[in-house]
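J.: Mind looking over this structure? Questions follow.
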Amino acid sequence: MRVLIQSQRFTVFSIIDNLVAHQREALKGMGDEFIRGYVNLAEGEKDPRNLMLTFAIDRVLLIEFEVDKFIEDFFNITFCYFPITFRPPPNDPYGITSEDLKATLRSCLHASPAFGKLAVPLFLEKLNAGSPLTKKDTLDTLDVCLPVYGPAVAREFARKLWNALKLEIFQPTDSVTEEKSLKTFQVLIQTIYSTAKEEQNDDGAIEGLAKDACDECMEILGEPEKSQAKHAIKVLCAFMSTTPSVARFTLTRAVPHFVRLFLNPDELPNRAPTLRLLADLIEAARKSTSEDPEVLPDEGNVPLSLYKDEVLGILTVGLKTPASAYPAIDALKSMVLTGGLLTDEELGFVVHNVDEVLQKDDEESDLSDVCLDLLSTISSFAPSHVTGNTLPLLFSTLSDTAPPREAEAERVKYWRTLASLKKLCMQPDLFETLVVRFLTKLDLLCVPTASIPVTTEEDLEPAAAYAHSILRTLADVLSMKIHQGHTDVVKYIDRLIPRLYNLFIYSALVSQERPMAATEPRLLVVAAQIVTLVSQSLSVSRQETFVKAVYAAYFEGDVSGLVDGVQKIPTDKKFNPFEPSASTAQKNLLVLFSAAVVALHKDVALPVPDEAAFLDHLLQWISAYAENALQREALNHLVAAVVNRHADKLDAFLSSSVDAFWSSQIADAAQSTEARRHAIGTFTWLTKALLVRGHASAMKNVDRLIELFDDESVSWDAARAVGRIPGADKILTKGHHAIIKILYAQKYTNSVLPRIVEGAKVSQSSRQNAYLVALAALIKSVPKSTYAHQMPSLMPLLLRGLDLPDNEIRAGVIDTLQAAATSGDKENDAVSEHATSLVSTMLKNSLVSQMPSVKVRVAALRYLATLPSVVRYDILHPQKATVIRELAKALDDPKRVVRSEAVEARTNWLVATPT
Amino acid sequence: MDQDFPLKILPVAQLEGHEDRAWHVAWNPTKPILTSCSADKNVRLYTYSITPNPDAPERQSLKFAHITTIPTGHAKTVRALAWSPSGNTLATASFDSNIGVWAQEGDGDGDGGAFNPAGEWECMSLLEGHETECKSVAYSSSGNLLASCSRDKTVWIWEVHPDHDFECMGVLMEHTQDVKAVAWHPIEEILASASYDDTIKLYIDDPQEDWYCFQTLSGHASTVWSLAFSPDGRFLASSSDDTTIRIWERVQEHKWEHIDTLEGHERSVYSISWGSGKPIGSDDAGSLGWLASTGGDGIINIWELGFGPSSKDPSRKTLVYRIVAKISNAHDIHDINSVVWCPRKGFEDLFATAGDDGVVKVWKVVPS
Amino acid sequence: MSAEVFNPNPTVFAPLKAKKTAHSYAKPNSIWLDDVDRADEDEGDFDQSDDPEAIDQDEIFGTSTGSLRVHYIELTMTLEQLAVVSAPQITFDPKYPDRITVEFTPTVPHCGMSTFIGLSIRVRLLRSLPQRFKVDIRVKPGSHQSEHALNKQLNDKERVAAALENPALVEVLEQCLSTAGRTASEEEA
């Protein structure tokens, strides 16, 4: 065989492989002669292609054939390859990987239990002397081999294996090897104890390795505060998922030990580490029992049940000191989640104790976060304890009146309570309570009692701020609920939304006579989010009813279908926010109109006779009557949403009305610059709405904007608009049922970017700058992948962008450069090419003496910090001394956030050396 | 507050160019050359010239210009420099544990040929022997001996032979810790060394035997960083991490005693230099010259020292001293590692400093 | 540094949790809850005011010394976890605000890693503090058998400079320092 070349040997093995597959019985009939012959052929084979075959043959022979007397021969022709160190040559045409060989060999190694006595010593040798890679391979192989080799072999080598594994566990070189060693130890214990009744003495106690290893760990756990304890507990945790008897035995030893330690007055300082270890163990025990959530163990059949009273006892004591409270809460969480462990009454006990911690935690630590996490875990399956116990406690700390301006402590207190409620009240029952309580609170805060006389000096801002926080909390919880697909959101179109409209419409109408807190725009903005969140969850038909009610109120003054609440809308005042002469407070309510429309499905028809006329009216209204950014933005969103859904039916509007809007409001230089800017904003939204749905007229609008680059007074605004059109926004989203075509940003960039690059090259300086502004805005708003391949040609332009006298643009450009540099792609050539000027520009932008904007300084320093890892050292070397010296100045920046970036950047440059 | 002193220190030149901390400066004793060394492993050479001002001779202006940089080839920091008394040879002490000896081709021991310091400086000899960082190097007044010291706790004495050949005359292993500095007596062949072990050792050559230590001066509470003999050789000054400067007097041929302690610094005094100065007033009979001191506090003090009647007991003569000029933050926020008076005649009021900012500065002491 | 085991089973301390202040809810001097949606429209998270923020204990501890790691035998722990350093052990000279003393506490009085730990603190501070600061590093009085020698060594700038030109030492130092930057704080976050 040795004289044959590889391909011939391959043919020989292929023939044998075929025979084994198809003529197995005949070969078996040949008896020892075949086996002996085969072993002879296979011995000394080195070629990976052939080995893939022989390993496969070996496995069949080992399993199917009578090979007992040849076991040593088979050991020699298989184990001699372990561990596989083969590395395929580059461009290997056969495609055999090291992993293929490893897996195939491994299937031989555990093909026969008879290998056990021969194999384990070899594995031990590899474990004790091997490289980290060999160790990992050996551990993985042991995991599959030990169960096959069986308990007898496992017992024989138990001590030696444990000693080898112990080293990796207690003095780990890396976390992977450590974990693999724990896993192998688990397999070892499972193998030894899987069948063995004889390892238990009469009263069920465990003997042998599990007991010895457990004893060793218990000894170490006598000092829970020391670092070795962390390793020892990992071993015990591994025991939890071996066999039930070993797990039970371990708990019997460890849990009472920790309870004793905890209660020992001499060990008082070590309570926190003791509970940490106990928590780890309880969590491991939980994981071992909860693999099948459907099958709950019988009450009392959970191994931990025996000790639950003592454990609950020390955990509730542990809750009372901040340091030990963290592990105590972790342990409680694991207990709560252990199926069948705690009774409902005990859950109530836990909630009660955790509530106390929550109440007492005025330390402002994140202890309350973990408390809330535990409570919300409990509320997910036993909400009654939390609604009955925790919520009333939290609500009782929320006062009915706003703390005055100077009472910051009071304010922080309600912020904290609201933050707690936000974390806790996702669960439907809890959320329902939250909505009811909050609505009452909002009425109390925002509606003055009739008996109080009108005073002009009354400071309403604290009440507004308080109400704002409450609305913010509602919006945040709703948003999380929608994110998690909660279906109960829908019902709040009846229970929450009419109350909000009532409050805000009432306040706007009454505010003609007295100041009202709920006319504050910030409240409106959050309320609008709530309206949209609920509206987006509705079905088409429910949206239709809702939007009809909204239109009736806003256009006909008939609020009856929209509002519901204690305060009766005054009948003597007319609600007509679209009336040009309407009060600011009423006009501001357009925010809540827009909010109801921006999340409509495309199949929902607007309750207007002519959508084009309606839109035209809106465009005119924005230009003529909108008083502030709030109103303009609301209507811009509204126009964008409607155009996005119904553009296919709006051809006439999109040509003539938009043309008219363009020429009268934007192109006409006689308009004030401010008016033109606002109109460009509206135009941007309109174009955005068309672009995302892939409508052809979007690009026509962009052409118009580019024409404005020559118009000194609005060129930068037009340029920013060109960049921002493809940017993601919060209105035209999938969640709001907008029509969005994939890759619209890519297509846009493909079409616009070349024009920008071209334009920045040729035109004169003011127009050139507009192109740079457009570029900066564009790359900030589109995904990097859309322009990454263009980086080499963009780089010189971006560098010029860094000289523009606009800090926002500079920061944006640096962020882009940063993203490009860290992508690790071929654009780095562009970085290297421009490294010298990049370094000097960034240095200029990082020193407070030359750059007043914190944001730019931070961005520039971050960029400098990245350079040494993406550009070859020899390119940077000439500037190293300068960079180190200049950055030393940035270390003394007046702003902390800048200093910390400077430290990072300077360190990276200091350690940069030729590779 | 600097105005309270009779003299003031004026900046003359600010010489930038090192890319890392500057450790030491050395004036050529015969030619208008100033050299500095740095952690950047380079030695920089500067020349200076006087532009006379015929109207006011005292207001002549000094111009310094960089002429060349020697990339020493030392693998680590160049810590210290020393010019031979002839001014033809420069020695460098490096953390790479070697001493380099530099000169210009064809400029052997004689003074033949035109002197062109901007030309190439070659490493004529590399003195190997120290096991770890060399920290100081010094030529004896005759130029026949060279001393070096190191963190390896030893002081080596080399005899200078023609053609830049050096022979080791002795290895002195007296200190128990790093030896920070060596200094030769200005007239006799007496060597002093200062150490991290807080002591100063004095050595002479026994004609029968080898070099040996004849006295150990103790008293400093911490590392002794720097040594300076008075120009007349009767006194020795030492500066220390304990922030003080001690003055030792030669009371017998081989016996030195502590006579006073100067306190005027807040942090380690890394460097002192004792020059003849231009004493104030006409009566300079008892003058011992000017001592400049500097260190980690960034302050430069100029002390005027003299030997005159004691204020307590005018019948007894004692050391009298006062600070005559002072400047703070002389290198901005940085430590100052070295201060050296110009040894050339007519320039007694000129000194140079080297700082952690990598800058070398030249200063002049003038009446306030 | 050395395979010798100085303290094979050191006590591990949990890092102190940061306190939440009003500013974690609102922008400074505002009675309004910080609104997420509004924050990203303006200047982002940056406080644009010109009020300088002086460098204090906590900053030096946070960006410099706290996150330094040492390799105790095979264990890797931060100096904070081992309670070797803490913010209160960083003190400013009341007379000269630019002079700082950083004190550290070796885990055991015979800890042979102390020089190395002190050196790594020194190097980290050299890299991260403005140069105007003059730093003295000391072991906590009574915490080490060679206290005087250690203090003297760590504050000898010449020895420190020479040590930093020793490639073998620098390699070990860099390991210790490499995780001290941003990556480490993110790992622990």
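Identifiers in the structure tokens: chain A, B, ... in order shown; residue index from 1 per chain; ligand index from 1 in order shown.
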List as a Markdown table every residue of chain A that is in contact with chain B, defined as an atom at most 9 Å from one of its atoms (using only C-alpha atoms), together with the nearest atom pair and the distance in Å rounded to one decimal, sorted by chain and then rising number.
T.:
```
| residue | atom | partner | partner_atom | distance |
| --- | --- | --- | --- | --- |
| A:Ala881 | CA | B:Glu19 | CA | 6.1 |
| A:Thr882 | CA | B:Glu19 | CA | 8.4 |
| A:Arg885 | CA | B:Glu19 | CA | 9.0 |
```
J.: Using only C-alpha atoms, which residues of region 118-150 of chain B come within 12 Å of region 160-172 of chain C, and what is the closest atom pair for each, with the distance in Å to one decimal? Give it as CSV, sorted by chain and residue number.
T.:
```
residue,atom,partner,partner_atom,distance
B:Thr132,CA,C:Ala162,CA,9.6
B:Glu133,CA,C:Ala162,CA,7.4
B:Cys134,CA,C:Ala162,CA,10.2
B:Lys135,CA,C:Ala162,CA,10.2
B:Ser150,CA,C:Ala162,CA,11.6
```
J.: Find the spatial neighbours of Ser273 (chain B), counting only C-alpha atoms, within a cut-off of 7 Å - ignore same-chain residues fewer than 6 positions away - and output them as a list in words.
T.: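 Contacts, with the query itself left out: Ala228, Leu291, Ala292, Ser293, Val339, Val340 and Trp341 of chain B.
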J.: Could you save the residues just selected, with C-alpha atoms, as a short mmCIF file (atom, residue, chain, number, x, y, z; two decimals), in the first residue's frame?
T.:
```cif
data_model
loop_
_atom_site.label_atom_id
_atom_site.label_comp_id
_atom_site.auth_asym_id
_atom_site.auth_seq_id
_atom_site.Cartn_x
_atom_site.Cartn_y
_atom_site.Cartn_z
CA ALA B 228 28.36 70.37 41.77
CA LEU B 291 24.59 78.12 42.25
CA ALA B 292 21.63 77.44 39.99
CA SER B 293 19.09 74.84 41.06
CA VAL B 339 20.43 73.39 34.58
CA VAL B 340 23.99 74.21 33.48
CA TRP B 341 26.05 77.44 33.57
#
```
J.: Given only C-alpha atoms, how would the per-residue table for chain C near chain B read, listing every residue at most 9 Å away with its closest atom pair and distance in Å to one decimal, sorted by chain and number, as a Markdown table?
T.:
```
| residue | atom | partner | partner_atom | distance |
| --- | --- | --- | --- | --- |
| C:Gln131 | CA | B:Ile333 | CA | 7.1 |
| C:Arg132 | CA | B:Ile333 | CA | 5.1 |
| C:Phe133 | CA | B:Ile333 | CA | 8.2 |
| C:Lys134 | CA | B:Gly296 | CA | 8.5 |
| C:Lys152 | CA | B:Ser222 | CA | 8.3 |
| C:Asp156 | CA | B:Thr223 | CA | 8.8 |
| C:Glu158 | CA | B:Lys135 | CA | 8.8 |
| C:Arg159 | CA | B:Arg151 | CA | 8.7 |
| C:Ala161 | CA | B:Thr77 | CA | 8.7 |
| C:Ala162 | CA | B:Phe95 | CA | 6.6 |
| C:Glu165 | CA | B:Lys76 | CA | 6.8 |
```
J.: Pull out every residue of chain A that has at least one atom within 6 Å of chain C, counting only C-alpha atoms, and report them as a ChimeraX atom specification.
T.: /A:171,225-228,364-365,412,465,469,891-892,894-895,903
J.: With distances taken over only C-alpha atoms, which residue among B:Lys41, B:Lys201, B:His185, B:His161 lies nearest Ala138 (chain B)?
T.: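 Among B:Lys41, B:Lys201, B:His185, B:His161, it is B:His185 that comes nearest to Ala138 (chain B).
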J.: How far is it from CA of Cys342 (chain B) to CA of Lys255 (chain B), in Å with one decimal?
T.: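 The value is 29.3 Å.
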J.: Can you list, as a PyMOL selection string, every residue of region 105-326 of chain A that DSSP puts in helix (DSSP H, G or I)?
T.: chain A and resi 105-109+113-129+132-156+158-170+175-193+209-220+227-240+244-263+265-289+303-318+322-326
J.: Please give the complete set of residues from region 239-276 of chain B that DSSP, run on the backbone, assigns to strand (DSSP E or B), formatted as a list in words.
T.: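 Those in region 239-276 of chain B that DSSP calls strand (DSSP E or B) are Ser239, Ser240, Thr244, Ile245, Arg246, Ile247, Trp248, Glu249, Arg250, Val251, Gln252, Lys255, Trp256, Glu257, His258, Ile259, Asp260, Thr261, Leu262, Glu263, Val269, Tyr270, Ser271, Ile272, Ser273, Trp274 and Gly275 of chain B.
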J.: Quick one: residues within 9 Å of region 218-221 of chain B, only C-alpha atoms, excluding same-chain residues fewer than 5 positions away - as an mmCIF file with N, CA and C atoms, in the first residue's frame?
T.:
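The result, stored in selection.cif:
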```
data_model
loop_
_atom_site.group_PDB
_atom_site.id
_atom_site.type_symbol
_atom_site.label_atom_id
_atom_site.label_comp_id
_atom_site.auth_asym_id
_atom_site.auth_seq_id
_atom_site.Cartn_x
_atom_site.Cartn_y
_atom_site.Cartn_z
ATOM 1 N N ASP B 198 20.694 57.473 48.783
ATOM 2 C CA ASP B 198 20.679 58.704 49.579
ATOM 3 C C ASP B 198 22.071 59.221 49.953
ATOM 4 N N THR B 199 23.120 58.544 49.477
ATOM 5 C CA THR B 199 24.464 58.982 49.881
ATOM 6 C C THR B 199 25.246 59.549 48.713
ATOM 7 N N ILE B 200 26.368 60.171 49.104
ATOM 8 C CA ILE B 200 27.352 60.659 48.133
ATOM 9 C C ILE B 200 28.667 59.967 48.493
ATOM 10 N N LYS B 201 29.383 59.501 47.496
ATOM 11 C CA LYS B 201 30.681 58.866 47.778
ATOM 12 C C LYS B 201 31.772 59.659 47.080
ATOM 13 N N SER B 238 25.134 69.269 46.751
ATOM 14 C CA SER B 238 24.384 68.091 46.307
ATOM 15 C C SER B 238 22.899 68.412 46.396
ATOM 16 N N SER B 239 22.126 67.890 45.443
ATOM 17 C CA SER B 239 20.692 68.170 45.486
ATOM 18 C C SER B 239 19.934 66.854 45.517
ATOM 19 N N SER B 240 18.715 66.908 46.094
ATOM 20 C CA SER B 240 18.070 65.634 46.413
ATOM 21 C C SER B 240 16.561 65.667 46.226
ATOM 22 N N ASP B 241 16.033 64.463 46.170
ATOM 23 C CA ASP B 241 14.588 64.259 46.174
ATOM 24 C C ASP B 241 13.948 64.796 47.464
ATOM 25 N N ASP B 242 14.758 64.987 48.498
ATOM 26 C CA ASP B 242 14.203 65.530 49.747
ATOM 27 C C ASP B 242 13.957 67.039 49.629
ATOM 28 N N THR B 244 15.996 69.442 49.181
ATOM 29 C CA THR B 244 17.027 70.360 49.694
ATOM 30 C C THR B 244 18.319 70.273 48.883
ATOM 31 N N ILE B 245 19.153 71.254 49.139
ATOM 32 C CA ILE B 245 20.519 71.250 48.597
ATOM 33 C C ILE B 245 21.452 71.295 49.804
ATOM 34 N N ARG B 246 22.425 70.392 49.816
ATOM 35 C CA ARG B 246 23.379 70.417 50.930
ATOM 36 C C ARG B 246 24.730 70.909 50.426
ATOM 37 N N HIS B 258 29.469 68.418 56.171
ATOM 38 C CA HIS B 258 28.258 69.176 55.861
ATOM 39 C C HIS B 258 28.277 70.490 56.613
#
```
J.: For a test of reading the model, state the distance in Å between CA of Arg260 (chain A) and CA of Glu223 (chain A), rounded to one decimal.
T.: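 So the answer is 12.7 Å.
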J.: Which residues, written as a list in words, have at least one atom at most 8 Å from Ile302 (chain B), with only C-alpha atoms counted and residues fewer than 2 positions away on the same chain left out?
T.: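 Selected residues are Trp290, Leu291, Ala292, Ser293, Ile300, Glu304, Ile323, Val324, Ala325 and Lys326 of chain B.
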J.: Could you tell me which of B:Lys278, B:Lys317, B:Lys63, B:His130 comes closest to Lys345 (chain B) if we count only C-alpha atoms?
T.: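 Of B:Lys278, B:Lys317, B:Lys63, B:His130, the one nearest Lys345 (chain B), counting only C-alpha atoms, is B:Lys278.
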